[in-house]
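Below is coords_4.pdb, which holds PDB, C-alpha atoms, pLDDT in the B column.
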ATOM      1  CA  THR A   1       0.000   0.000   0.000  1.00 42.00           C
ATOM      2  CA  ILE A   2       1.095   3.592  -0.675  1.00 37.00           C
ATOM      3  CA  PRO A   3       1.022   5.834   2.391  1.00 45.00           C
ATOM      4  CA  ILE A   4      -1.068   8.983   1.876  1.00 39.00           C
ATOM      5  CA  THR A   5       1.255  11.877   2.541  1.00 44.00           C
ATOM      6  CA  LEU A   6       0.056  15.422   3.184  1.00 40.00           C
ATOM      7  CA  ASN A   7       0.792  16.386  -0.450  1.00 46.00           C
ATOM      8  CA  VAL A   8      -1.177  13.421  -1.795  1.00 39.00           C
ATOM      9  CA  LEU A   9      -4.112  14.203   0.491  1.00 35.00           C
ATOM     10  CA  THR A  10      -4.072  17.846  -0.618  1.00 39.00           C
ATOM     11  CA  LEU A  11      -4.109  16.745  -4.262  1.00 36.00           C
ATOM     12  CA  LEU A  12      -7.048  14.422  -3.641  1.00 34.00           C
ATOM     13  CA  ILE A  13      -8.993  17.251  -1.987  1.00 37.00           C
ATOM     14  CA  LEU A  14      -8.265  19.605  -4.881  1.00 40.00           C
ATOM     15  CA  LEU A  15      -9.353  16.976  -7.408  1.00 40.00           C
ATOM     16  CA  GLY A  16     -12.560  16.410  -5.470  1.00 42.00           C
ATOM     17  CA  VAL A  17     -13.352  20.139  -5.405  1.00 40.00           C
ATOM     18  CA  ALA A  18     -12.578  20.451  -9.101  1.00 42.00           C
ATOM     19  CA  GLY A  19     -14.940  17.571  -9.817  1.00 44.00           C
ATOM     20  CA  GLY A  20     -17.744  19.204  -7.911  1.00 45.00           C
ATOM     21  CA  CYS A  21     -17.558  16.863  -4.927  1.00 41.00           C
ATOM     22  CA  ASN A  22     -17.820  18.120  -1.362  1.00 44.00           C
ATOM     23  CA  VAL A  23     -14.835  16.143  -0.118  1.00 42.00           C
ATOM     24  CA  LEU A  24     -13.963  18.394   2.783  1.00 45.00           C
ATOM     25  CA  GLU A  25     -15.660  21.266   4.561  1.00 48.00           C
ATOM     26  CA  ILE A  26     -13.427  23.739   6.319  1.00 52.00           C
ATOM     27  CA  PRO A  27     -14.525  23.746   9.946  1.00 63.00           C
ATOM     28  CA  GLY A  28     -15.648  26.962  11.604  1.00 69.00           C
ATOM     29  CA  PRO A  29     -17.623  28.074  14.625  1.00 81.00           C
ATOM     30  CA  ALA A  30     -21.192  26.794  14.484  1.00 88.00           C
ATOM     31  CA  PRO A  31     -23.786  29.593  14.556  1.00 92.00           C
ATOM     32  CA  ASP A  32     -25.964  29.997  17.620  1.00 95.00           C
ATOM     33  CA  LEU A  33     -29.504  28.727  16.963  1.00 97.00           C
ATOM     34  CA  TYR A  34     -32.571  30.557  18.232  1.00 98.00           C
ATOM     35  CA  ASN A  35     -36.295  29.912  18.391  1.00 97.00           C
ATOM     36  CA  LEU A  36     -39.261  32.020  19.466  1.00 98.00           C
ATOM     37  CA  THR A  37     -42.116  31.155  21.820  1.00 98.00           C
ATOM     38  CA  PRO A  38     -45.858  30.873  21.073  1.00 98.00           C
ATOM     39  CA  LYS A  39     -48.358  33.219  22.672  1.00 98.00           C
ATOM     40  CA  SER A  40     -50.167  31.795  25.693  1.00 96.00           C
ATOM     41  CA  THR A  41     -52.189  34.716  27.134  1.00 96.00           C
ATOM     42  CA  PHE A  42     -55.287  36.072  25.414  1.00 97.00           C
ATOM     43  CA  ASN A  43     -58.395  38.090  26.162  1.00 94.00           C
ATOM     44  CA  ASN A  44     -60.883  36.187  28.309  1.00 91.00           C
ATOM     45  CA  ASN A  45     -63.863  37.060  26.114  1.00 94.00           C
ATOM     46  CA  LEU A  46     -62.772  35.125  23.023  1.00 96.00           C
ATOM     47  CA  PRO A  47     -65.568  33.067  21.437  1.00 96.00           C
ATOM     48  CA  GLU A  48     -65.673  29.266  21.521  1.00 96.00           C
ATOM     49  CA  ILE A  49     -65.126  28.057  17.945  1.00 96.00           C
ATOM     50  CA  ARG A  50     -66.557  24.652  16.994  1.00 95.00           C
ATOM     51  CA  LYS A  51     -64.897  24.690  13.589  1.00 95.00           C
ATOM     52  CA  GLN A  52     -61.629  23.511  12.075  1.00 95.00           C
ATOM     53  CA  LEU A  53     -58.806  25.781  10.916  1.00 96.00           C
ATOM     54  CA  THR A  54     -55.768  24.994   8.793  1.00 96.00           C
ATOM     55  CA  ILE A  55     -52.776  27.289   8.693  1.00 96.00           C
ATOM     56  CA  GLU A  56     -50.682  27.504   5.553  1.00 95.00           C
ATOM     57  CA  GLU A  57     -46.964  28.140   5.758  1.00 96.00           C
ATOM     58  CA  PRO A  58     -46.539  31.926   5.481  1.00 97.00           C
ATOM     59  CA  LEU A  59     -45.218  33.420   2.286  1.00 97.00           C
ATOM     60  CA  ALA A  60     -42.102  35.576   2.536  1.00 96.00           C
ATOM     61  CA  SER A  61     -39.772  37.477   0.246  1.00 87.00           C
ATOM     62  CA  GLY A  62     -36.470  35.849  -0.699  1.00 82.00           C
ATOM     63  CA  GLY A  63     -34.499  37.624   1.987  1.00 91.00           C
ATOM     64  CA  LEU A  64     -36.899  36.586   4.750  1.00 95.00           C
ATOM     65  CA  ASP A  65     -37.574  33.047   3.493  1.00 96.00           C
ATOM     66  CA  SER A  66     -34.521  31.808   5.331  1.00 96.00           C
ATOM     67  CA  ASN A  67     -33.226  30.755   8.719  1.00 97.00           C
ATOM     68  CA  ARG A  68     -30.846  33.725   8.731  1.00 97.00           C
ATOM     69  CA  ILE A  69     -31.650  36.662  11.023  1.00 97.00           C
ATOM     70  CA  ALA A  70     -32.148  39.773   8.928  1.00 96.00           C
ATOM     71  CA  LEU A  71     -30.802  43.282   9.452  1.00 95.00           C
ATOM     72  CA  HIS A  72     -31.919  46.333   7.444  1.00 90.00           C
ATOM     73  CA  PRO A  73     -29.301  49.060   7.988  1.00 85.00           C
ATOM     74  CA  HIS A  74     -31.444  51.178   5.637  1.00 80.00           C
ATOM     75  CA  SER A  75     -34.477  50.604   3.429  1.00 76.00           C
ATOM     76  CA  THR A  76     -32.598  49.447   0.310  1.00 82.00           C
ATOM     77  CA  ARG A  77     -30.055  47.108   1.902  1.00 88.00           C
ATOM     78  CA  LEU A  78     -30.455  43.721   3.521  1.00 91.00           C
ATOM     79  CA  LYS A  79     -27.765  42.075   5.643  1.00 94.00           C
ATOM     80  CA  PHE A  80     -27.689  39.118   8.031  1.00 95.00           C
ATOM     81  CA  PHE A  81     -26.154  38.505  11.441  1.00 95.00           C
ATOM     82  CA  ALA A  82     -23.060  36.379  10.930  1.00 92.00           C
ATOM     83  CA  ASN A  83     -23.076  33.924  13.832  1.00 92.00           C
ATOM     84  CA  ALA A  84     -26.773  33.451  14.572  1.00 97.00           C
ATOM     85  CA  ARG A  85     -29.606  31.566  12.874  1.00 97.00           C
ATOM     86  CA  TRP A  86     -33.220  30.701  13.498  1.00 98.00           C
ATOM     87  CA  ALA A  87     -33.528  27.000  14.269  1.00 98.00           C
ATOM     88  CA  VAL A  88     -35.699  26.614  11.134  1.00 97.00           C
ATOM     89  CA  ARG A  89     -36.702  28.891   8.257  1.00 97.00           C
ATOM     90  CA  ALA A  90     -38.564  31.934   9.559  1.00 98.00           C
ATOM     91  CA  PRO A  91     -41.866  31.162   7.724  1.00 98.00           C
ATOM     92  CA  LYS A  92     -41.850  27.584   9.019  1.00 97.00           C
ATOM     93  CA  MET A  93     -41.130  28.808  12.547  1.00 98.00           C
ATOM     94  CA  LEU A  94     -44.017  31.301  12.357  1.00 98.00           C
ATOM     95  CA  GLN A  95     -46.397  28.605  11.114  1.00 97.00           C
ATOM     96  CA  THR A  96     -45.542  26.461  14.141  1.00 97.00           C
ATOM     97  CA  LEU A  97     -45.950  29.447  16.478  1.00 98.00           C
ATOM     98  CA  LEU A  98     -49.379  30.180  15.009  1.00 98.00           C
ATOM     99  CA  VAL A  99     -50.572  26.589  15.453  1.00 97.00           C
ATOM    100  CA  GLU A 100     -49.345  26.453  19.057  1.00 98.00           C
ATOM    101  CA  SER A 101     -50.785  29.888  19.860  1.00 98.00           C
ATOM    102  CA  PHE A 102     -54.234  28.888  18.589  1.00 98.00           C
ATOM    103  CA  GLU A 103     -54.031  25.688  20.633  1.00 97.00           C
ATOM    104  CA  ASN A 104     -53.088  27.711  23.717  1.00 97.00           C
ATOM    105  CA  THR A 105     -56.364  29.649  23.549  1.00 97.00           C
ATOM    106  CA  ASN A 106     -58.374  26.469  24.255  1.00 96.00           C
ATOM    107  CA  LYS A 107     -61.101  28.143  22.201  1.00 97.00           C
ATOM    108  CA  ILE A 108     -60.968  26.205  18.940  1.00 96.00           C
ATOM    109  CA  ILE A 109     -61.913  22.579  18.328  1.00 93.00           C
ATOM    110  CA  SER A 110     -59.153  21.819  15.804  1.00 93.00           C
ATOM    111  CA  VAL A 111     -56.201  23.620  14.248  1.00 95.00           C
ATOM    112  CA  GLY A 112     -53.303  22.263  12.223  1.00 92.00           C
ATOM    113  CA  ARG A 113     -50.859  22.782   9.403  1.00 89.00           C
ATOM    114  CA  GLN A 114     -52.248  22.472   5.908  1.00 78.00           C
ATOM    115  CA  SER A 115     -49.563  19.896   5.069  1.00 67.00           C
ATOM    116  CA  ILE A 116     -51.187  17.252   7.283  1.00 62.00           C
ATOM    117  CA  GLY A 117     -54.251  17.157   5.018  1.00 65.00           C
ATOM    118  CA  LEU A 118     -56.791  18.347   7.599  1.00 68.00           C
ATOM    119  CA  ARG A 119     -60.203  19.107   6.081  1.00 81.00           C
ATOM    120  CA  SER A 120     -61.069  22.505   7.438  1.00 91.00           C
ATOM    121  CA  ASP A 121     -63.860  25.043   7.596  1.00 95.00           C
ATOM    122  CA  TYR A 122     -61.375  27.903   7.287  1.00 96.00           C
ATOM    123  CA  THR A 123     -57.834  28.437   6.003  1.00 96.00           C
ATOM    124  CA  LEU A 124     -55.497  31.097   7.324  1.00 98.00           C
ATOM    125  CA  LYS A 125     -53.140  32.480   4.691  1.00 98.00           C
ATOM    126  CA  THR A 126     -50.370  34.778   5.863  1.00 98.00           C
ATOM    127  CA  GLU A 127     -47.445  36.680   4.398  1.00 98.00           C
ATOM    128  CA  VAL A 128     -44.407  37.887   6.331  1.00 98.00           C
ATOM    129  CA  ARG A 129     -43.821  41.467   5.218  1.00 96.00           C
ATOM    130  CA  GLU A 130     -41.276  42.528   7.864  1.00 96.00           C
ATOM    131  CA  PHE A 131     -39.199  40.337  10.162  1.00 98.00           C
ATOM    132  CA  GLN A 132     -35.914  42.089  10.832  1.00 96.00           C
ATOM    133  CA  VAL A 133     -33.830  44.499  12.846  1.00 96.00           C
ATOM    134  CA  GLU A 134     -33.856  47.918  11.213  1.00 94.00           C
ATOM    135  CA  HIS A 135     -32.636  51.435  11.764  1.00 84.00           C
ATOM    136  CA  ASP A 136     -35.315  53.996  12.568  1.00 74.00           C
ATOM    137  CA  GLY A 137     -34.015  57.103  10.829  1.00 72.00           C
ATOM    138  CA  GLU A 138     -36.425  59.501  12.498  1.00 73.00           C
ATOM    139  CA  ALA A 139     -35.785  58.341  16.053  1.00 67.00           C
ATOM    140  CA  GLN A 140     -32.153  57.402  15.335  1.00 77.00           C
ATOM    141  CA  THR A 141     -32.653  54.066  17.081  1.00 87.00           C
ATOM    142  CA  TYR A 142     -32.710  50.382  16.147  1.00 92.00           C
ATOM    143  CA  VAL A 143     -35.932  48.385  16.347  1.00 95.00           C
ATOM    144  CA  VAL A 144     -37.118  44.851  15.713  1.00 97.00           C
ATOM    145  CA  ARG A 145     -40.063  45.085  13.317  1.00 96.00           C
ATOM    146  CA  VAL A 146     -42.529  42.242  12.715  1.00 98.00           C
ATOM    147  CA  ARG A 147     -45.377  42.713  10.234  1.00 98.00           C
ATOM    148  CA  VAL A 148     -47.649  39.948   8.989  1.00 98.00           C
ATOM    149  CA  ASN A 149     -50.577  40.214   6.578  1.00 98.00           C
ATOM    150  CA  ALA A 150     -53.367  37.678   7.134  1.00 98.00           C
ATOM    151  CA  LYS A 151     -56.307  36.508   5.043  1.00 98.00           C
ATOM    152  CA  LEU A 152     -59.006  34.284   6.479  1.00 98.00           C
ATOM    153  CA  VAL A 153     -60.566  32.090   3.777  1.00 97.00           C
ATOM    154  CA  GLN A 154     -63.843  30.235   4.236  1.00 96.00           C
ATOM    155  CA  GLN A 155     -63.923  26.717   2.796  1.00 93.00           C
ATOM    156  CA  PRO A 156     -65.017  25.126   0.529  1.00 92.00           C
ATOM    157  CA  LYS A 157     -66.182  28.302  -1.240  1.00 92.00           C
ATOM    158  CA  ARG A 158     -62.706  29.862  -0.918  1.00 93.00           C
ATOM    159  CA  VAL A 159     -64.210  33.209  -0.012  1.00 96.00           C
ATOM    160  CA  ILE A 160     -61.986  35.724   1.774  1.00 97.00           C
ATOM    161  CA  VAL A 161     -63.823  36.597   4.985  1.00 96.00           C
ATOM    162  CA  ASP A 162     -61.432  39.362   6.005  1.00 97.00           C
ATOM    163  CA  SER A 163     -57.874  40.594   5.542  1.00 98.00           C
ATOM    164  CA  HIS A 164     -55.711  42.562   7.940  1.00 98.00           C
ATOM    165  CA  SER A 165     -52.064  43.465   8.642  1.00 98.00           C
ATOM    166  CA  PHE A 166     -50.579  43.154  12.098  1.00 98.00           C
ATOM    167  CA  GLU A 167     -47.398  44.960  13.103  1.00 98.00           C
ATOM    168  CA  HIS A 168     -45.363  45.598  16.215  1.00 98.00           C
ATOM    169  CA  THR A 169     -41.930  47.062  16.917  1.00 96.00           C
ATOM    170  CA  VAL A 170     -39.614  46.777  19.912  1.00 97.00           C
ATOM    171  CA  GLU A 171     -36.749  49.209  20.365  1.00 95.00           C
ATOM    172  CA  ILE A 172     -33.264  47.825  21.015  1.00 94.00           C
ATOM    173  CA  GLY A 173     -29.969  49.516  21.804  1.00 88.00           C
ATOM    174  CA  ASP A 174     -27.287  49.780  19.128  1.00 81.00           C
ATOM    175  CA  ASP A 175     -24.982  47.848  21.459  1.00 83.00           C
ATOM    176  CA  SER A 176     -27.438  45.000  22.156  1.00 88.00           C
ATOM    177  CA  ASP A 177     -26.088  41.459  22.140  1.00 94.00           C
ATOM    178  CA  MET A 178     -27.750  38.683  20.152  1.00 96.00           C
ATOM    179  CA  ASP A 179     -29.701  37.310  23.116  1.00 96.00           C
ATOM    180  CA  SER A 180     -31.275  40.748  23.698  1.00 96.00           C
ATOM    181  CA  ILE A 181     -32.122  41.055  20.008  1.00 96.00           C
ATOM    182  CA  VAL A 182     -33.858  37.661  19.979  1.00 98.00           C
ATOM    183  CA  ILE A 183     -35.818  38.600  23.118  1.00 98.00           C
ATOM    184  CA  ALA A 184     -37.007  41.706  21.260  1.00 98.00           C
ATOM    185  CA  PHE A 185     -38.026  39.483  18.317  1.00 98.00           C
ATOM    186  CA  ASP A 186     -39.951  37.290  20.758  1.00 98.00           C
ATOM    187  CA  GLN A 187     -41.779  40.286  22.233  1.00 98.00           C
ATOM    188  CA  ALA A 188     -42.672  41.793  18.854  1.00 98.00           C
ATOM    189  CA  THR A 189     -43.750  38.439  17.416  1.00 98.00           C
ATOM    190  CA  GLY A 190     -45.798  37.686  20.529  1.00 98.00           C
ATOM    191  CA  ARG A 191     -47.809  40.899  20.136  1.00 98.00           C
ATOM    192  CA  VAL A 192     -48.463  40.124  16.473  1.00 98.00           C
ATOM    193  CA  LEU A 193     -49.485  36.536  17.305  1.00 98.00           C
ATOM    194  CA  LYS A 194     -51.904  37.713  19.993  1.00 98.00           C
ATOM    195  CA  LYS A 195     -53.634  40.215  17.691  1.00 98.00           C
ATOM    196  CA  LEU A 196     -53.717  37.802  14.746  1.00 98.00           C
ATOM    197  CA  VAL A 197     -55.135  34.867  16.735  1.00 98.00           C
ATOM    198  CA  GLU A 198     -57.832  36.963  18.397  1.00 98.00           C
ATOM    199  CA  TRP A 199     -58.799  38.574  15.071  1.00 98.00           C
ATOM    200  CA  THR A 200     -59.079  35.136  13.427  1.00 98.00           C
ATOM    201  CA  LEU A 201     -61.269  33.623  16.143  1.00 98.00           C
ATOM    202  CA  GLN A 202     -63.581  36.635  16.161  1.00 97.00           C
ATOM    203  CA  ASN A 203     -63.993  36.401  12.386  1.00 97.00           C
ATOM    204  CA  MET A 204     -64.638  32.639  12.548  1.00 95.00           C
ATOM    205  CA  ASN A 205     -67.413  33.156  15.094  1.00 91.00           C
TER     206      ASN A 205
END

Final structure tokens representation of the file:
Amino acid sequence: TIPITLNVLTLLILLGVAGGCNVLEIPGPAPDLYNLTPKSTFNNNLPEIRKQLTIEEPLASGGLDSNRIALHPHSTRLKFFANARWAVRAPKMLQTLLVESFENTNKIISVGRQSIGLRSDYTLKTEVREFQVEHDGEAQTYVVRVRVNAKLVQQPKRVIVDSHSFEHTVEIGDDSDMDSIVIAFDQATGRVLKKLVEWTLQNMN
């Protein structure tokens, strides 16, 4: 047998890369993974809904349809935090948060993701319009902004019952660490989830 020297190993790696094979990945620090929490507190006067709801995965623009955490230094530029990621793609995470938040109300007989094939009375379609840290030029501060547009569709007629946008911002310091930024995301998302869930149940009543 021929011993594989360092030069031979280097040549094999280069040949693999040239041939389009992922022979070796250069190791680096793994990014920190973050998740957000569902909403669990709601108004006490929500109606009891004896109907089924399916929740589609939210739509999102290319920059937000990712597990990377977005930063808008100004309105025409999109960047991402280098060493932090959402645990899953942001739209998928928000779909899970919506399902769990509806379940936490204890006011609806059945709710689930559309992918499981649940036959429903209503479908909730959403689009993530804003989900990033951005610079507020007027106030000269940084904020986390979450904005989601929702459409409630009655089945099987596929009639849009109502449509509404929900938005909330949380101010953060320009020297905030990543944990503080994610907490601000959790607060902003929680307010949007609360408003969106309550609006949906009231329109299903």

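Between Val143 of chain A and the candidates A:Val192, A:Leu71, A:Leu201, A:Val159, the tightest atom-to-atom separation, counting only C-alpha atoms, involves A:Leu71.
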
Identify, on the basis of all atoms listed in the file, every residue whose closest approach to Val170 of chain A does not exceed 10 Å; exclude the query and any residue fewer than 5 positions from it along the same chain; express the result as an mmCIF file with C-alpha atoms, keeping the file's coordinate frame.
data_model
loop_
_atom_site.group_PDB
_atom_site.id
_atom_site.type_symbol
_atom_site.label_atom_id
_atom_site.label_comp_id
_atom_site.auth_asym_id
_atom_site.auth_seq_id
_atom_site.Cartn_x
_atom_site.Cartn_y
_atom_site.Cartn_z
ATOM 1 C CA VAL A 133 -33.830 44.499 12.846
ATOM 2 C CA TYR A 142 -32.710 50.382 16.147
ATOM 3 C CA VAL A 143 -35.932 48.385 16.347
ATOM 4 C CA VAL A 144 -37.118 44.851 15.713
ATOM 5 C CA ARG A 145 -40.063 45.085 13.317
ATOM 6 C CA VAL A 146 -42.529 42.242 12.715
ATOM 7 C CA ILE A 181 -32.122 41.055 20.008
ATOM 8 C CA ILE A 183 -35.818 38.600 23.118
ATOM 9 C CA ALA A 184 -37.007 41.706 21.260
ATOM 10 C CA PHE A 185 -38.026 39.483 18.317
ATOM 11 C CA ASP A 186 -39.951 37.290 20.758
ATOM 12 C CA GLN A 187 -41.779 40.286 22.233
ATOM 13 C CA ALA A 188 -42.672 41.793 18.854
ATOM 14 C CA THR A 189 -43.750 38.439 17.416
#

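With all atoms listed in the file as the atoms that count, the minimum distance from Met178 of chain A to the choices A:Arg85, A:Arg191, A:Lys92, A:Arg119 is reached by A:Arg85.
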
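Minimum distance to Val153 of chain A across A:Lys51, A:His135, A:Lys125, A:Lys79 (counting only C-alpha atoms) occurs at A:Lys125.
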
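With all atoms listed in the file as the atoms that count, the residue of A:Asp32, A:Phe80, A:Gly62, A:Ile109 with the shortest distance to Arg50 of chain A is A:Ile109.
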